[in-house]
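Here's protein_0.tsv, which has TSV, N, CA and C atoms:
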```tsv
chain	number	residue	atom	x	y	z
K	15	MET	N	0.83	-1.18	0.00
K	15	MET	CA	0.00	0.00	0.00
K	15	MET	C	0.88	1.25	0.00
K	16	LEU	N	0.51	2.21	-0.81
K	16	LEU	CA	1.25	3.46	-0.91
K	16	LEU	C	0.52	4.52	-0.09
K	17	PHE	N	1.26	5.24	0.75
K	17	PHE	CA	0.62	6.23	1.61
K	17	PHE	C	0.73	7.63	1.02
K	18	ASN	N	1.93	8.17	0.92
K	18	ASN	CA	2.12	9.52	0.41
K	18	ASN	C	2.53	9.53	-1.05
K	19	GLU	N	2.50	8.40	-1.68
K	19	GLU	CA	2.97	8.31	-3.05
K	19	GLU	C	1.88	7.74	-3.93
K	20	LYS	N	1.87	8.18	-5.16
K	20	LYS	CA	0.92	7.66	-6.14
K	20	LYS	C	1.44	6.35	-6.74
K	21	TYR	N	2.76	6.30	-7.02
K	21	TYR	CA	3.35	5.14	-7.68
K	21	TYR	C	4.48	4.54	-6.86
K	22	GLY	N	4.69	3.25	-7.04
K	22	GLY	CA	5.80	2.56	-6.39
K	22	GLY	C	6.11	1.27	-7.12
K	23	ILE	N	7.35	0.83	-7.07
K	23	ILE	CA	7.75	-0.43	-7.68
K	23	ILE	C	7.35	-1.55	-6.74
K	24	SER	N	6.59	-2.52	-7.25
K	24	SER	CA	6.16	-3.63	-6.41
K	24	SER	C	6.97	-4.90	-6.66
K	25	HIS	N	7.54	-5.03	-7.87
K	25	HIS	CA	8.31	-6.24	-8.18
K	25	HIS	C	9.22	-5.95	-9.37
K	26	ILE	N	10.42	-6.53	-9.32
K	26	ILE	CA	11.37	-6.43	-10.43
K	26	ILE	C	11.77	-7.85	-10.81
K	27	SER	N	11.58	-8.21	-12.08
K	27	SER	CA	12.02	-9.51	-12.56
K	27	SER	C	13.27	-9.31	-13.41
K	28	TYR	N	14.39	-9.73	-12.85
K	28	TYR	CA	15.65	-9.61	-13.58
K	28	TYR	C	15.77	-10.68	-14.66
K	29	ASN	N	14.87	-11.66	-14.66
K	29	ASN	CA	14.87	-12.69	-15.70
K	29	ASN	C	14.12	-12.25	-16.95
K	30	SER	N	12.97	-11.59	-16.74
K	30	SER	CA	12.15	-11.20	-17.89
K	30	SER	C	12.26	-9.72	-18.23
K	31	GLY	N	12.89	-8.93	-17.36
K	31	GLY	CA	13.01	-7.50	-17.62
K	31	GLY	C	11.72	-6.74	-17.40
K	32	ARG	N	10.88	-7.23	-16.50
K	32	ARG	CA	9.60	-6.58	-16.21
K	32	ARG	C	9.65	-5.93	-14.83
K	33	ILE	N	9.21	-4.68	-14.78
K	33	ILE	CA	9.13	-3.94	-13.53
K	33	ILE	C	7.65	-3.63	-13.30
K	34	LEU	N	7.09	-4.20	-12.23
K	34	LEU	CA	5.68	-3.99	-11.93
K	34	LEU	C	5.54	-2.75	-11.06
K	35	ILE	N	4.56	-1.91	-11.42
K	35	ILE	CA	4.33	-0.65	-10.74
K	35	ILE	C	2.97	-0.68	-10.06
K	36	ASP	N	2.95	-0.37	-8.76
K	36	ASP	CA	1.70	-0.20	-8.03
K	36	ASP	C	1.25	1.24	-8.17
K	37	CYS	N	-0.05	1.42	-8.19
K	37	CYS	CA	-0.62	2.76	-8.28
K	37	CYS	C	-1.71	2.87	-7.22
K	38	SER	N	-1.59	3.87	-6.35
K	38	SER	CA	-2.60	4.05	-5.31
K	38	SER	C	-3.88	4.60	-5.93
K	39	GLU	N	-4.98	4.22	-5.35
K	39	GLU	CA	-6.27	4.70	-5.82
K	39	GLU	C	-6.45	6.15	-5.42
K	40	SER	N	-7.18	6.87	-6.20
K	40	SER	CA	-7.44	8.28	-5.93
K	40	SER	C	-8.94	8.52	-5.95
K	41	GLU	N	-9.37	9.44	-5.13
K	41	GLU	CA	-10.79	9.78	-5.14
K	41	GLU	C	-11.18	10.47	-6.44
K	42	PHE	N	-10.20	10.90	-7.22
K	42	PHE	CA	-10.47	11.58	-8.48
K	42	PHE	C	-10.49	10.60	-9.66
K	43	SER	N	-10.18	9.33	-9.42
K	43	SER	CA	-10.11	8.33	-10.48
K	43	SER	C	-11.50	7.99	-10.98
K	44	CYS	N	-11.63	8.01	-12.29
K	44	CYS	CA	-12.89	7.63	-12.92
K	44	CYS	C	-12.75	6.31	-13.65
K	45	ASP	N	-11.52	5.89	-13.86
K	45	ASP	CA	-11.24	4.79	-14.75
K	45	ASP	C	-10.05	4.01	-14.21
K	46	ASP	N	-10.01	2.70	-14.49
K	46	ASP	CA	-8.88	1.87	-14.06
K	46	ASP	C	-7.56	2.32	-14.69
K	47	ASN	N	-7.64	2.94	-15.86
K	47	ASN	CA	-6.43	3.34	-16.58
K	47	ASN	C	-5.93	4.73	-16.21
K	48	ASP	N	-6.59	5.43	-15.28
K	48	ASP	CA	-6.15	6.77	-14.90
K	48	ASP	C	-4.72	6.76	-14.39
K	49	GLY	N	-4.37	5.80	-13.55
K	49	GLY	CA	-3.01	5.70	-13.03
K	49	GLY	C	-1.99	5.40	-14.11
K	50	PHE	N	-2.37	4.57	-15.05
K	50	PHE	CA	-1.51	4.22	-16.18
K	50	PHE	C	-1.23	5.46	-17.03
K	51	GLU	N	-2.29	6.17	-17.38
K	51	GLU	CA	-2.14	7.38	-18.20
K	51	GLU	C	-1.36	8.46	-17.44
K	52	GLY	N	-1.59	8.54	-16.12
K	52	GLY	CA	-0.86	9.51	-15.31
K	52	GLY	C	0.63	9.23	-15.28
K	53	LEU	N	1.01	7.95	-15.21
K	53	LEU	CA	2.43	7.60	-15.21
K	53	LEU	C	3.08	7.96	-16.54
K	54	ILE	N	2.39	7.71	-17.63
K	54	ILE	CA	2.93	8.06	-18.95
K	54	ILE	C	3.10	9.58	-19.04
K	55	ARG	N	2.10	10.33	-18.58
K	55	ARG	CA	2.20	11.80	-18.55
K	55	ARG	C	3.37	12.24	-17.67
K	56	GLY	N	3.52	11.59	-16.52
K	56	GLY	CA	4.60	11.93	-15.60
K	56	GLY	C	5.97	11.72	-16.21
K	57	PHE	N	6.18	10.58	-16.87
K	57	PHE	CA	7.46	10.33	-17.53
K	57	PHE	C	7.68	11.33	-18.66
K	58	SER	N	6.63	11.63	-19.42
K	58	SER	CA	6.75	12.58	-20.53
K	58	SER	C	7.17	13.96	-20.02
K	59	ARG	N	6.54	14.42	-18.94
K	59	ARG	CA	6.90	15.73	-18.38
K	59	ARG	C	8.31	15.72	-17.80
K	60	LEU	N	8.67	14.65	-17.15
K	60	LEU	CA	9.98	14.56	-16.51
K	60	LEU	C	11.10	14.60	-17.54
K	61	ILE	N	10.93	13.89	-18.62
K	61	ILE	CA	11.95	13.81	-19.67
K	61	ILE	C	11.85	15.00	-20.61
K	62	GLY	N	10.70	15.64	-20.63
K	62	GLY	CA	10.51	16.80	-21.49
K	62	GLY	C	10.19	16.43	-22.92
K	63	GLU	N	9.66	15.28	-23.10
K	63	GLU	CA	9.31	14.81	-24.44
K	63	GLU	C	7.91	14.22	-24.42
K	64	ASP	N	7.39	13.97	-25.60
K	64	ASP	CA	6.08	13.36	-25.74
K	64	ASP	C	6.24	11.84	-25.76
K	65	HIS	N	5.12	11.15	-25.70
K	65	HIS	CA	5.14	9.69	-25.76
K	65	HIS	C	4.56	9.24	-27.10
K	66	GLU	N	4.87	8.02	-27.45
K	66	GLU	CA	4.30	7.46	-28.68
K	66	GLU	C	3.65	6.13	-28.38
K	67	SER	N	2.51	5.91	-28.99
K	67	SER	CA	1.78	4.66	-28.82
K	67	SER	C	2.38	3.60	-29.73
K	68	LEU	N	2.57	2.42	-29.18
K	68	LEU	CA	3.03	1.28	-29.96
K	68	LEU	C	1.88	0.33	-30.25
K	69	GLY	N	0.67	0.70	-29.79
K	69	GLY	CA	-0.50	-0.16	-29.95
K	69	GLY	C	-0.59	-1.13	-28.79
K	70	MET	N	-1.74	-1.74	-28.63
K	70	MET	CA	-1.96	-2.76	-27.59
K	70	MET	C	-1.63	-2.24	-26.19
K	71	MET	N	-1.96	-0.97	-25.90
K	71	MET	CA	-1.73	-0.34	-24.59
K	71	MET	C	-0.25	-0.34	-24.20
K	72	GLN	N	0.61	-0.11	-25.18
K	72	GLN	CA	2.05	0.01	-24.94
K	72	GLN	C	2.51	1.38	-25.44
K	73	TYR	N	3.37	2.02	-24.63
K	73	TYR	CA	3.87	3.36	-24.96
K	73	TYR	C	5.36	3.45	-24.70
K	74	LYS	N	6.02	4.29	-25.50
K	74	LYS	CA	7.42	4.63	-25.30
K	74	LYS	C	7.49	6.14	-25.12
K	75	ILE	N	8.45	6.57	-24.31
K	75	ILE	CA	8.70	7.99	-24.15
K	75	ILE	C	9.78	8.37	-25.16
K	76	LYS	N	9.46	9.31	-26.04
K	76	LYS	CA	10.41	9.72	-27.06
K	76	LYS	C	11.65	10.32	-26.41
K	77	ASN	N	12.80	10.01	-26.95
K	77	ASN	CA	14.11	10.52	-26.51
K	77	ASN	C	14.43	10.20	-25.05
K	78	SER	N	13.87	9.15	-24.52
K	78	SER	CA	14.23	8.71	-23.17
K	78	SER	C	15.69	8.26	-23.19
K	79	PRO	N	16.43	8.47	-22.10
K	79	PRO	CA	17.82	8.01	-22.08
K	79	PRO	C	17.95	6.49	-22.10
K	80	TYR	N	16.86	5.79	-21.78
K	80	TYR	CA	16.87	4.31	-21.80
K	80	TYR	C	15.66	3.82	-22.59
K	81	GLU	N	15.82	2.62	-23.14
K	81	GLU	CA	14.73	2.04	-23.92
K	81	GLU	C	13.90	1.13	-23.05
K	82	PHE	N	12.65	1.53	-22.85
K	82	PHE	CA	11.69	0.71	-22.12
K	82	PHE	C	10.30	1.04	-22.63
K	83	VAL	N	9.40	0.10	-22.38
K	83	VAL	CA	8.01	0.24	-22.80
K	83	VAL	C	7.15	0.25	-21.55
K	84	ILE	N	6.20	1.18	-21.50
K	84	ILE	CA	5.22	1.20	-20.41
K	84	ILE	C	3.97	0.56	-20.96
K	85	GLN	N	3.49	-0.47	-20.29
K	85	GLN	CA	2.39	-1.28	-20.80
K	85	GLN	C	1.30	-1.45	-19.75
K	86	TRP	N	0.05	-1.49	-20.20
K	86	TRP	CA	-1.05	-1.86	-19.32
K	86	TRP	C	-1.30	-3.34	-19.52
K	87	ASP	N	-1.14	-4.12	-18.47
K	87	ASP	CA	-1.33	-5.56	-18.51
K	87	ASP	C	-2.60	-5.87	-17.72
K	88	THR	N	-3.52	-6.62	-18.31
K	88	THR	CA	-4.80	-6.89	-17.64
K	88	THR	C	-4.62	-7.72	-16.38
K	89	MET	N	-3.53	-8.46	-16.28
K	89	MET	CA	-3.30	-9.28	-15.09
K	89	MET	C	-2.52	-8.53	-14.01
K	90	TYR	N	-1.49	-7.77	-14.42
K	90	TYR	CA	-0.57	-7.14	-13.46
K	90	TYR	C	-0.75	-5.63	-13.33
K	91	GLY	N	-1.48	-5.01	-14.20
K	91	GLY	CA	-1.62	-3.55	-14.18
K	91	GLY	C	-0.50	-2.90	-14.95
K	92	ILE	N	0.16	-1.91	-14.33
K	92	ILE	CA	1.22	-1.15	-15.01
K	92	ILE	C	2.52	-1.95	-14.97
K	93	VAL	N	3.10	-2.16	-16.16
K	93	VAL	CA	4.35	-2.90	-16.28
K	93	VAL	C	5.31	-2.10	-17.14
K	94	ILE	N	6.54	-1.99	-16.69
K	94	ILE	CA	7.60	-1.39	-17.51
K	94	ILE	C	8.46	-2.53	-18.00
K	95	ILE	N	8.62	-2.60	-19.32
K	95	ILE	CA	9.38	-3.68	-19.94
K	95	ILE	C	10.71	-3.12	-20.43
K	96	VAL	N	11.80	-3.70	-19.93
K	96	VAL	CA	13.15	-3.28	-20.28
K	96	VAL	C	13.50	-3.87	-21.64
K	97	GLU	N	13.98	-3.00	-22.54
K	97	GLU	CA	14.34	-3.44	-23.89
K	97	GLU	C	15.73	-4.10	-23.94
K	98	ASP	N	16.71	-3.51	-23.24
K	98	ASP	CA	18.09	-4.00	-23.27
K	98	ASP	C	18.44	-4.57	-21.90
K	99	MET	N	18.42	-5.89	-21.78
K	99	MET	CA	18.67	-6.54	-20.49
K	99	MET	C	20.07	-6.28	-19.94
K	100	ARG	N	21.02	-5.88	-20.79
K	100	ARG	CA	22.37	-5.55	-20.31
K	100	ARG	C	22.36	-4.29	-19.45
K	101	LYS	N	21.31	-3.47	-19.59
K	101	LYS	CA	21.23	-2.21	-18.84
K	101	LYS	C	20.13	-2.24	-17.78
K	102	ILE	N	19.68	-3.42	-17.39
K	102	ILE	CA	18.53	-3.50	-16.48
K	102	ILE	C	18.80	-2.81	-15.14
K	103	ASP	N	20.01	-2.92	-14.60
K	103	ASP	CA	20.31	-2.26	-13.32
K	103	ASP	C	20.21	-0.74	-13.45
K	104	GLU	N	20.74	-0.20	-14.54
K	104	GLU	CA	20.67	1.24	-14.78
K	104	GLU	C	19.22	1.69	-14.95
K	105	ILE	N	18.44	0.89	-15.68
K	105	ILE	CA	17.05	1.26	-15.95
K	105	ILE	C	16.22	1.18	-14.68
K	106	VAL	N	16.45	0.18	-13.85
K	106	VAL	CA	15.72	0.08	-12.58
K	106	VAL	C	16.01	1.31	-11.73
K	107	LYS	N	17.28	1.70	-11.66
K	107	LYS	CA	17.64	2.90	-10.90
K	107	LYS	C	16.97	4.15	-11.50
K	108	PHE	N	16.98	4.26	-12.82
K	108	PHE	CA	16.34	5.39	-13.50
K	108	PHE	C	14.85	5.42	-13.21
K	109	VAL	N	14.18	4.28	-13.31
K	109	VAL	CA	12.74	4.20	-13.06
K	109	VAL	C	12.44	4.57	-11.60
K	110	LYS	N	13.23	4.04	-10.68
K	110	LYS	CA	13.03	4.34	-9.25
K	110	LYS	C	13.16	5.84	-8.98
K	111	ASN	N	14.20	6.46	-9.52
K	111	ASN	CA	14.40	7.90	-9.34
K	111	ASN	C	13.31	8.71	-10.03
K	112	SER	N	12.91	8.26	-11.21
K	112	SER	CA	11.86	8.96	-11.96
K	112	SER	C	10.53	8.90	-11.21
K	113	ILE	N	10.21	7.74	-10.65
K	113	ILE	CA	8.95	7.60	-9.91
K	113	ILE	C	8.97	8.49	-8.67
K	114	TYR	N	10.13	8.61	-8.04
K	114	TYR	CA	10.24	9.53	-6.91
K	114	TYR	C	9.89	10.95	-7.35
K	115	GLU	N	10.45	11.39	-8.47
K	115	GLU	CA	10.19	12.74	-8.99
K	115	GLU	C	8.73	12.90	-9.42
K	116	ILE	N	8.20	11.89	-10.08
K	116	ILE	CA	6.80	11.94	-10.53
K	116	ILE	C	5.87	12.05	-9.32
K	117	ASN	N	6.11	11.25	-8.30
K	117	ASN	CA	5.30	11.32	-7.08
K	117	ASN	C	5.36	12.70	-6.46
K	118	TYR	N	6.56	13.26	-6.36
K	118	TYR	CA	6.72	14.58	-5.77
K	118	TYR	C	5.97	15.64	-6.58
K	119	ASN	N	6.12	15.58	-7.90
K	119	ASN	CA	5.45	16.56	-8.76
K	119	ASN	C	3.94	16.41	-8.75
K	120	MET	N	3.44	15.19	-8.57
K	120	MET	CA	1.99	14.96	-8.56
K	120	MET	C	1.35	15.47	-7.28
K	121	LEU	N	2.13	15.69	-6.22
K	121	LEU	CA	1.57	16.26	-5.00
K	121	LEU	C	0.98	17.63	-5.28
K	122	TYR	N	1.55	18.30	-6.26
K	122	TYR	CA	1.14	19.67	-6.56
K	122	TYR	C	0.34	19.79	-7.86
K	123	GLU	N	0.01	18.64	-8.45
K	123	GLU	CA	-0.76	18.66	-9.69
K	123	GLU	C	-2.20	19.05	-9.39
K	124	LYS	N	-2.75	19.92	-10.18
K	124	LYS	CA	-4.12	20.39	-9.98
K	124	LYS	C	-5.10	19.25	-10.26
K	125	LYS	N	-5.98	19.01	-9.33
K	125	LYS	CA	-7.00	17.98	-9.47
K	125	LYS	C	-8.31	18.64	-9.91
K	126	GLU	N	-8.93	18.08	-10.90
K	126	GLU	CA	-10.18	18.65	-11.38
K	126	GLU	C	-11.28	17.59	-11.28
K	127	LEU	N	-12.42	18.03	-10.82
K	127	LEU	CA	-13.60	17.15	-10.77
K	127	LEU	C	-14.52	17.54	-11.90
K	128	PHE	N	-14.50	16.79	-12.94
K	128	PHE	CA	-15.37	16.99	-14.11
K	128	PHE	C	-15.29	18.40	-14.58
```

Target format structure tokens, applied to this file:
Amino acid sequence: MLFNEKYGISHISYNSGRILIDCSESEFSCDDNDGFEGLIRGFSRLIGEDHESLGMMQYKIKNSPYEFVIQWDTMYGIVIIVEDMRKIDEIVKFVKNSIYEINYNMLYEKKELF
């Protein structure tokens, strides 16, 4: 359970290159995918670039320093898939630091009700 944070890493698979992300529920959530879309927006703002859809609920952040895919998985929820397994340690550290920044920035994000 996440208390003061919206996102957190719940599991890292060094065999498959999958990083599972927990997302706390919000009273402003209207949809199961709100947290997923918020994370993509957060990474896009943090890196200063837009995202691109790869189809099938998979997205990449353009010009990211590392290659990974953010995916909505019906079984696990938000999953980050590492493209280059040789850099998994660097990417895990990058994702962890990025989520910290995204959580901090979302504390001050304007919430709108309809």

CA of Asn29 (chain K) and atom C of Leu53 (chain K), how far apart in Å?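 That distance, rounded to one decimal, is 23.8 Å.
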
Residues near region 71-82 of chain K, cut-off 7 Å, only N, CA and C atoms, skip fewer than 5 positions along chain, as a PDB file with N, CA and C atoms, keeping the file's coordinate frame:
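Below is the file that was written, around-v2.pdb:
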```
ATOM      1  N   PHE K  57       6.180  10.580 -16.870  1.00  0.00           N
ATOM      2  CA  PHE K  57       7.460  10.330 -17.530  1.00  0.00           C
ATOM      3  C   PHE K  57       7.680  11.330 -18.660  1.00  0.00           C
ATOM      4  N   SER K  58       6.630  11.630 -19.420  1.00  0.00           N
ATOM      5  CA  SER K  58       6.750  12.580 -20.530  1.00  0.00           C
ATOM      6  C   SER K  58       7.170  13.960 -20.020  1.00  0.00           C
ATOM      7  N   ILE K  61      10.930  13.890 -18.620  1.00  0.00           N
ATOM      8  CA  ILE K  61      11.950  13.810 -19.670  1.00  0.00           C
ATOM      9  C   ILE K  61      11.850  15.000 -20.610  1.00  0.00           C
ATOM     10  N   GLU K  63       9.660  15.280 -23.100  1.00  0.00           N
ATOM     11  CA  GLU K  63       9.310  14.810 -24.440  1.00  0.00           C
ATOM     12  C   GLU K  63       7.910  14.220 -24.420  1.00  0.00           C
ATOM     13  N   ASP K  64       7.390  13.970 -25.600  1.00  0.00           N
ATOM     14  CA  ASP K  64       6.080  13.360 -25.740  1.00  0.00           C
ATOM     15  C   ASP K  64       6.240  11.840 -25.760  1.00  0.00           C
ATOM     16  N   HIS K  65       5.120  11.150 -25.700  1.00  0.00           N
ATOM     17  CA  HIS K  65       5.140   9.690 -25.760  1.00  0.00           C
ATOM     18  C   HIS K  65       4.560   9.240 -27.100  1.00  0.00           C
ATOM     19  N   GLU K  66       4.870   8.020 -27.450  1.00  0.00           N
ATOM     20  CA  GLU K  66       4.300   7.460 -28.680  1.00  0.00           C
ATOM     21  C   GLU K  66       3.650   6.130 -28.380  1.00  0.00           C
ATOM     22  N   ASP K  87      -1.140  -4.120 -18.470  1.00  0.00           N
ATOM     23  CA  ASP K  87      -1.330  -5.560 -18.510  1.00  0.00           C
ATOM     24  C   ASP K  87      -2.600  -5.870 -17.720  1.00  0.00           C
ATOM     25  N   ILE K  94       6.540  -1.990 -16.690  1.00  0.00           N
ATOM     26  CA  ILE K  94       7.600  -1.390 -17.510  1.00  0.00           C
ATOM     27  C   ILE K  94       8.460  -2.530 -18.000  1.00  0.00           C
ATOM     28  N   ILE K  95       8.620  -2.600 -19.320  1.00  0.00           N
ATOM     29  CA  ILE K  95       9.380  -3.680 -19.940  1.00  0.00           C
ATOM     30  C   ILE K  95      10.710  -3.120 -20.430  1.00  0.00           C
ATOM     31  N   VAL K  96      11.800  -3.700 -19.930  1.00  0.00           N
ATOM     32  CA  VAL K  96      13.150  -3.280 -20.280  1.00  0.00           C
ATOM     33  C   VAL K  96      13.500  -3.870 -21.640  1.00  0.00           C
ATOM     34  N   GLU K  97      13.980  -3.000 -22.540  1.00  0.00           N
ATOM     35  CA  GLU K  97      14.340  -3.440 -23.890  1.00  0.00           C
ATOM     36  C   GLU K  97      15.730  -4.100 -23.940  1.00  0.00           C
ATOM     37  N   ASP K  98      16.710  -3.510 -23.240  1.00  0.00           N
ATOM     38  CA  ASP K  98      18.090  -4.000 -23.270  1.00  0.00           C
ATOM     39  C   ASP K  98      18.440  -4.570 -21.900  1.00  0.00           C
ATOM     40  N   ILE K 105      18.440   0.890 -15.680  1.00  0.00           N
ATOM     41  CA  ILE K 105      17.050   1.260 -15.950  1.00  0.00           C
ATOM     42  C   ILE K 105      16.220   1.180 -14.680  1.00  0.00           C
TER      43      ILE K 105
END
```

Please, which residues are within 7 Å of (-2.8, 0.7, -16.3) by the file's coordinates, counting all atoms listed in the file, and could they come as a list in words?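 Selection result: Asp46, Asn47, Asp48, Gly49, Phe50, Glu51, Gln85, Trp86, Asp87, Gly91, Ile92 and Val93 of chain K.
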
Quick check, in Å to one decimal: how far apart do atom C of Tyr21 (chain K) and CA of Asn117 (chain K) lie?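 Computing it gives 6.8 Å between the two atoms.
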
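In this structure, CA of Arg59 (chain K) sits 14.8 Å away from CA of Phe108 (chain K).
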
May I have the residues within 6 Å of Asp36 (chain K) as a PDB file with N, CA and C atoms, in the frame of the given file, using all atoms listed in the file and disregarding those fewer than 5 positions away in the same chain?
```pdb
ATOM      1  N   LYS K  20       1.870   8.180  -5.160  1.00  0.00           N
ATOM      2  CA  LYS K  20       0.920   7.660  -6.140  1.00  0.00           C
ATOM      3  C   LYS K  20       1.440   6.350  -6.740  1.00  0.00           C
ATOM      4  N   TYR K  21       2.760   6.300  -7.020  1.00  0.00           N
ATOM      5  CA  TYR K  21       3.350   5.140  -7.680  1.00  0.00           C
ATOM      6  C   TYR K  21       4.480   4.540  -6.860  1.00  0.00           C
ATOM      7  N   GLY K  22       4.690   3.250  -7.040  1.00  0.00           N
ATOM      8  CA  GLY K  22       5.800   2.560  -6.390  1.00  0.00           C
ATOM      9  C   GLY K  22       6.110   1.270  -7.120  1.00  0.00           C
ATOM     10  N   ILE K  23       7.350   0.830  -7.070  1.00  0.00           N
ATOM     11  CA  ILE K  23       7.750  -0.430  -7.680  1.00  0.00           C
ATOM     12  C   ILE K  23       7.350  -1.550  -6.740  1.00  0.00           C
ATOM     13  N   SER K  24       6.590  -2.520  -7.250  1.00  0.00           N
ATOM     14  CA  SER K  24       6.160  -3.630  -6.410  1.00  0.00           C
ATOM     15  C   SER K  24       6.970  -4.900  -6.660  1.00  0.00           C
TER      16      SER K  24
END
```

DSSP strand (DSSP E) residues within region 18-106 of chain K, listed as a PyMOL selection string: chain K and resi 21-27+32-37+65-69+72-75+82-87+91-96

Can you check which residues of chain K DSSP gives as alpha helix (DSSP H) on the backbone and send them as an NGL selection string? :K and (48-61 or 102-120)

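Nearest to Met99 (chain K) of all the residues K:Tyr118, K:Ile84, K:Asn111, K:Gly31 is K:Gly31, based on all atoms listed in the file.
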
From K:Gly56, K:Val109, K:Ser67, K:Glu19, residue lying nearest Cys37 (chain K) [only N, CA and C atoms]: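 Ranked by minimum distance to Cys37 (chain K), first place goes to K:Glu19.
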
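Distances from K:Leu34, K:Leu60, K:Met89, K:Ile26 to Ile116 (chain K) were compared using all atoms listed in the file, and the smallest one belongs to K:Leu60.
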
Extract region 58-107 of chain K from the preceding block and save C-alpha atoms as a PDB file, in the first residue's frame.
```
ATOM      1  CA  SER K  58       6.749  12.584 -20.530  1.00  0.00           C
ATOM      2  CA  ARG K  59       6.896  15.732 -18.376  1.00  0.00           C
ATOM      3  CA  LEU K  60       9.980  14.558 -16.514  1.00  0.00           C
ATOM      4  CA  ILE K  61      11.952  13.811 -19.667  1.00  0.00           C
ATOM      5  CA  GLY K  62      10.508  16.803 -21.491  1.00  0.00           C
ATOM      6  CA  GLU K  63       9.306  14.813 -24.441  1.00  0.00           C
ATOM      7  CA  ASP K  64       6.084  13.358 -25.739  1.00  0.00           C
ATOM      8  CA  HIS K  65       5.140   9.692 -25.763  1.00  0.00           C
ATOM      9  CA  GLU K  66       4.303   7.464 -28.677  1.00  0.00           C
ATOM     10  CA  SER K  67       1.781   4.661 -28.823  1.00  0.00           C
ATOM     11  CA  LEU K  68       3.034   1.276 -29.956  1.00  0.00           C
ATOM     12  CA  GLY K  69      -0.501  -0.155 -29.945  1.00  0.00           C
ATOM     13  CA  MET K  70      -1.960  -2.759 -27.595  1.00  0.00           C
ATOM     14  CA  MET K  71      -1.729  -0.345 -24.589  1.00  0.00           C
ATOM     15  CA  GLN K  72       2.048   0.010 -24.940  1.00  0.00           C
ATOM     16  CA  TYR K  73       3.867   3.358 -24.960  1.00  0.00           C
ATOM     17  CA  LYS K  74       7.422   4.632 -25.304  1.00  0.00           C
ATOM     18  CA  ILE K  75       8.697   7.992 -24.148  1.00  0.00           C
ATOM     19  CA  LYS K  76      10.414   9.722 -27.065  1.00  0.00           C
ATOM     20  CA  ASN K  77      14.105  10.523 -26.507  1.00  0.00           C
ATOM     21  CA  SER K  78      14.230   8.715 -23.168  1.00  0.00           C
ATOM     22  CA  PRO K  79      17.820   8.015 -22.079  1.00  0.00           C
ATOM     23  CA  TYR K  80      16.865   4.315 -21.797  1.00  0.00           C
ATOM     24  CA  GLU K  81      14.733   2.044 -23.924  1.00  0.00           C
ATOM     25  CA  PHE K  82      11.692   0.712 -22.122  1.00  0.00           C
ATOM     26  CA  VAL K  83       8.007   0.245 -22.798  1.00  0.00           C
ATOM     27  CA  ILE K  84       5.224   1.204 -20.410  1.00  0.00           C
ATOM     28  CA  GLN K  85       2.386  -1.285 -20.804  1.00  0.00           C
ATOM     29  CA  TRP K  86      -1.054  -1.860 -19.315  1.00  0.00           C
ATOM     30  CA  ASP K  87      -1.332  -5.561 -18.514  1.00  0.00           C
ATOM     31  CA  THR K  88      -4.796  -6.893 -17.639  1.00  0.00           C
ATOM     32  CA  MET K  89      -3.302  -9.282 -15.085  1.00  0.00           C
ATOM     33  CA  TYR K  90      -0.574  -7.141 -13.462  1.00  0.00           C
ATOM     34  CA  GLY K  91      -1.619  -3.552 -14.177  1.00  0.00           C
ATOM     35  CA  ILE K  92       1.218  -1.153 -15.014  1.00  0.00           C
ATOM     36  CA  VAL K  93       4.351  -2.904 -16.278  1.00  0.00           C
ATOM     37  CA  ILE K  94       7.596  -1.386 -17.509  1.00  0.00           C
ATOM     38  CA  ILE K  95       9.382  -3.680 -19.941  1.00  0.00           C
ATOM     39  CA  VAL K  96      13.151  -3.281 -20.281  1.00  0.00           C
ATOM     40  CA  GLU K  97      14.338  -3.443 -23.890  1.00  0.00           C
ATOM     41  CA  ASP K  98      18.089  -3.998 -23.266  1.00  0.00           C
ATOM     42  CA  MET K  99      18.667  -6.545 -20.491  1.00  0.00           C
ATOM     43  CA  ARG K 100      22.365  -5.552 -20.307  1.00  0.00           C
ATOM     44  CA  LYS K 101      21.226  -2.214 -18.842  1.00  0.00           C
ATOM     45  CA  ILE K 102      18.532  -3.498 -16.476  1.00  0.00           C
ATOM     46  CA  ASP K 103      20.310  -2.263 -13.322  1.00  0.00           C
ATOM     47  CA  GLU K 104      20.671   1.239 -14.776  1.00  0.00           C
ATOM     48  CA  ILE K 105      17.054   1.256 -15.952  1.00  0.00           C
ATOM     49  CA  VAL K 106      15.725   0.075 -12.575  1.00  0.00           C
ATOM     50  CA  LYS K 107      17.640   2.901 -10.899  1.00  0.00           C
TER      51      LYS K 107
END
```
